[in-house]
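Some notes on the structure that comes next.
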Amino acid sequence: MRFNNEDVEALLRPQAIAVIGARDGLRNIRWLLKNGYQGQIYPVNPKYSSVDGLKCYGSLLDVPGNVDAVVSLVRAEIVPEVLKQARARKVKIVSVYAAPVSLEGQPSLEEIIKNVTASKELRVIGPNALGVLNLKDRVTSGYSSALLVDDVEFKPGKVAIISASGGIGDSILIEMLHRGVGVSYLFHPGNEADFTISDFFSLAVEQPEVGVIALYLEGIRDVPGFVEASRRALELGKVVVALKVGKTEEGKRAAYGHTGAVMANDDVFNAFCRHYGIVRVEEISDLIDTVQMFASVWPHLPAKGKLAAVSASGGVTTLLAEAAGQNETPLAEFSEETATRLRQLLRFAQVNNPLDLTGQALADPKVLAQALQTVAADPGVAAVLYGIGLAVAGKVPTTVSEACREIKVTSRKPVAAVMVASSQYKRGYHLLEEAGIPLFRSSLSSAVLTMKKFIERSIDAEKLRALSERYTAWWQNNPPLLNFGTDEQLSNDWEVKRFLALHGLPVAKGERVENLQEALRVAGRIGYPVVMKILSKDIVHKTEAGAVRVNIKNEEELTEAYPAMLKNIQNSCPGASVEGILIEEYVEGTEAFVGFMVDDCFGPVVAVGTGGIYVEALKDLSWRLAPVFPEEALEMIGSLKALRVFLAGIRGTAEGDAGSLAEFISRFSEIGCRYTRFIKMLEVNPLKVLGKGKGVKIVDARATVKA
């Protein structure tokens, strides 16, 4: 952990809290009093002698006894004096609510906080922070707006919320509580001058009562801390659900303006989430639904199976099927025993998945219960989603609620429901959430996607943990090299390929030449057809620049092509440096792209996709943290819409050697990782994938070397 025990106690369970700038009616003091806080509350404000019936003190220095935590509600220009008094009183934690104000010629509030907290004797949340709300122990050392809400039960539970935005964090908390989902902690670090999101993430992971962590991110200041907290969460079996903005340039600018934190490349962040089992979502509603789903069953997550979708409405059943297809959600195939039993129960129904129970099931509660039990009992079913289409009162909501609750109790299979008409929630369907059954108010498509992510993350838990351990062990045994070990400058295709060949990767046969006579001799040795290309660090896209000619069949074509290409380059790329011409064998095969780069936030990553001119046109790429192991590489290939089709062989073309491609990706990623001190980017495009069993060959490559 990133905290000592005294810091943890002062953050989560302070025994004495001073509120600077206190006055009658403040939400944090009233909430503490209302919830029976057993510690000491010290209002501080020279304007008052008492606040909400409590003695009020002129300054922090006047407060009797020890103070564990201070909530500063005064203006930014007064905060430095508050911090000075807090240090004098040996306070552990100060939460600063004020937004920072920069005055010309004076240090910023963030700089002041960093200087004050450098020794770690005093720790600060903020500025611009709502701090910490601990529902488990009914105490807050912050100033959350959620404390104003009086129509929900502040119920502790398995969830912790960590948010870069105070307003969004409060909204998530209140919606969770309205749904009956227990939340033990809410953390808002503000501008993170001292405590960061990574610190609170680490703290939440270590709390034994927390099983599900909701993250709202606008950037990550402490990346190593975030990585370690993610690894630790996976190790302990905690589930992390994250909503991160910054998919667009507009979102990145807005996020930076809000928190000033660094935003990772979105594809890289997806790779990071996949690696550590973090469930990434796109909307606040999806975050809430997903957290609710995991919290309803944690730690008893399903270990195998697929989704079963059920409804008593034919229309809802059809829409659920459509949603499953659009989201590529695998649906369970019922066993013959299950199908036979369902046919006996549902005389008028077709036994498919999604399953249309028809209206007869609602007319007879026993039929509904038995049908749902039969579906849930199928060994191929991991979880059940019930679609509510009949928004009527009376016995129907009770019938549905009791049937779903019985599944959860007897089969121990996760079950959730989704409403088409969410406005009818209070007509009895609230009984579902009272029974601990998640009830999604979002679209049917969103509900199906939530269930897909829930099942995938649950089933992959052990595989993800094993991969994380293997990944950590690889880095321990293969630290980055201290010496480059070659004189190659990696300034052009030829030098990069020589470097990769030196490390055992298969490269197309070829030689660099200086004139036409040398080109003819090399081509004769290699054997026609050949490829001719300009070697230049200034020309990235050779095809567009006319710097490559393929499938040259004989001496006559080469003799014609050589001077024509040199003249073409002078016209199309004036000023480009030419380091020679490369003559190499012409290789036929499926074109793949394999790239390695060192991301500024998360370090080495690998991308794989369709190669050649299609890599930018299709943008069909799969990303992973590096190094990538062969079985991961096969998953990457399988996830690509275009490349996997090309490799399978279409319209009579030969099947590609996917196994050799996977081995290449793995080895290539390891080479990149060993040279992270020297190489910023390493790219092979295209890599020619030959017929099955024949391997792969590097045709073109480039690199960017660190300065």
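To be explicit about the labels: the chains of the structure tokens are called A, B, and onward in the order shown, and within each one the residues are counted from 1, while ligands get numbers from 1 in the order they are shown.
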
For Pro627 in chain A, work out the shell of residues within 9 Å, counting only C-alpha atoms and skipping chain neighbours fewer than 2 positions away, then give it as a ChimeraX atom specification.
/A:471,474-475,604-606,624-625,629,666-673

Could you pull out the residues in range 177-216 of chain A that DSSP calls strand (DSSP E or B) from the backbone, as a list in words?
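So the strand (DSSP E or B) residues in range 177-216 of chain A would be Val183, Ser184, Tyr185, Leu186, Phe187, His188, Val212, Ile213, Ala214, Leu215 and Tyr216 of chain A.
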
Please report the interatomic distance between CA of Ile665 in chain A and CA of Leu682 in chain A in Å with one decimal.
12.1 Å

Counting only C-alpha atoms, give me one row per residue of range 155-255 of chain A with an atom at most 12 Å from an atom of range 10-15 of chain A, showing the shortest contact pair and its distance in Å to one decimal, sorted by chain then residue number, as a tab-separated table.
```
residue	atom	partner	partner_atom	distance
A:Ser184	CA	A:Leu12	CA	10.4
A:Tyr185	CA	A:Leu12	CA	8.7
A:Leu186	CA	A:Leu12	CA	10.4
A:Phe187	CA	A:Leu11	CA	10.2
A:Pro189	CA	A:Leu11	CA	11.9
A:Phe195	CA	A:Leu11	CA	10.9
A:Asp199	CA	A:Leu11	CA	11.7
A:Phe200	CA	A:Leu11	CA	10.1
A:Leu203	CA	A:Leu12	CA	9.8
A:Ala204	CA	A:Leu12	CA	10.4
A:Gln207	CA	A:Leu12	CA	10.6
```

To one decimal place, how far is CA of Pro224 in chain A from CA of Cys273 in chain A in Å?
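Atom-to-atom, CA of Pro224 in chain A and CA of Cys273 in chain A are spaced 14.4 Å apart.
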
Atom pair CA of Ile17 in chain A + CA of Leu60 in chain A, distance 10.7 Å

Find the spatial neighbours of range 148-152 of chain A, counting only C-alpha atoms, within a cut-off of 7 Å - ignore same-chain residues fewer than 3 positions away - and output them as a PyMOL selection string.
chain A and resi 27+145+177-178

Using all heavy atoms, can you write the selected residues to a file as a PDB file, in the first residue's frame?
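Output file out_10.pdb is given in full below:
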```
ATOM      1  N   ARG A  27     -23.348  20.876   5.416  1.00  0.00           N
ATOM      2  CA  ARG A  27     -23.820  19.508   5.174  1.00  0.00           C
ATOM      3  C   ARG A  27     -22.962  18.441   5.839  1.00  0.00           C
ATOM      4  O   ARG A  27     -23.479  17.416   6.278  1.00  0.00           O
ATOM      5  CB  ARG A  27     -23.908  19.236   3.674  1.00  0.00           C
ATOM      6  CG  ARG A  27     -22.627  19.474   2.875  1.00  0.00           C
ATOM      7  CD  ARG A  27     -22.914  19.351   1.391  1.00  0.00           C
ATOM      8  NE  ARG A  27     -21.770  19.527   0.515  1.00  0.00           N
ATOM      9  CZ  ARG A  27     -21.595  20.542  -0.309  1.00  0.00           C
ATOM     10  NH1 ARG A  27     -22.493  21.512  -0.341  1.00  0.00           N
ATOM     11  NH2 ARG A  27     -20.535  20.615  -1.103  1.00  0.00           N
ATOM     12  N   SER A 145     -21.388  16.650  -1.959  1.00  0.00           N
ATOM     13  CA  SER A 145     -22.749  17.148  -2.124  1.00  0.00           C
ATOM     14  C   SER A 145     -23.781  16.071  -1.839  1.00  0.00           C
ATOM     15  O   SER A 145     -24.952  16.378  -1.563  1.00  0.00           O
ATOM     16  CB  SER A 145     -22.941  17.671  -3.558  1.00  0.00           C
ATOM     17  OG  SER A 145     -22.069  18.750  -3.810  1.00  0.00           O
ATOM     18  N   LEU A 177     -27.227   4.108  -4.457  1.00  0.00           N
ATOM     19  CA  LEU A 177     -27.993   3.972  -3.219  1.00  0.00           C
ATOM     20  C   LEU A 177     -29.485   3.868  -3.519  1.00  0.00           C
ATOM     21  O   LEU A 177     -30.203   3.099  -2.871  1.00  0.00           O
ATOM     22  CB  LEU A 177     -27.708   5.161  -2.301  1.00  0.00           C
ATOM     23  CG  LEU A 177     -26.266   5.265  -1.776  1.00  0.00           C
ATOM     24  CD1 LEU A 177     -26.090   6.520  -0.928  1.00  0.00           C
ATOM     25  CD2 LEU A 177     -25.874   4.028  -0.977  1.00  0.00           C
ATOM     26  N   HIS A 178     -29.959   4.624  -4.491  1.00  0.00           N
ATOM     27  CA  HIS A 178     -31.371   4.528  -4.879  1.00  0.00           C
ATOM     28  C   HIS A 178     -31.708   3.132  -5.382  1.00  0.00           C
ATOM     29  O   HIS A 178     -32.836   2.665  -5.226  1.00  0.00           O
ATOM     30  CB  HIS A 178     -31.709   5.564  -5.945  1.00  0.00           C
ATOM     31  CG  HIS A 178     -32.174   6.875  -5.384  1.00  0.00           C
ATOM     32  ND1 HIS A 178     -33.354   7.017  -4.692  1.00  0.00           N
ATOM     33  CD2 HIS A 178     -31.594   8.108  -5.409  1.00  0.00           C
ATOM     34  CE1 HIS A 178     -33.498   8.280  -4.317  1.00  0.00           C
ATOM     35  NE2 HIS A 178     -32.439   8.963  -4.730  1.00  0.00           N
TER      36      HIS A 178
END
```
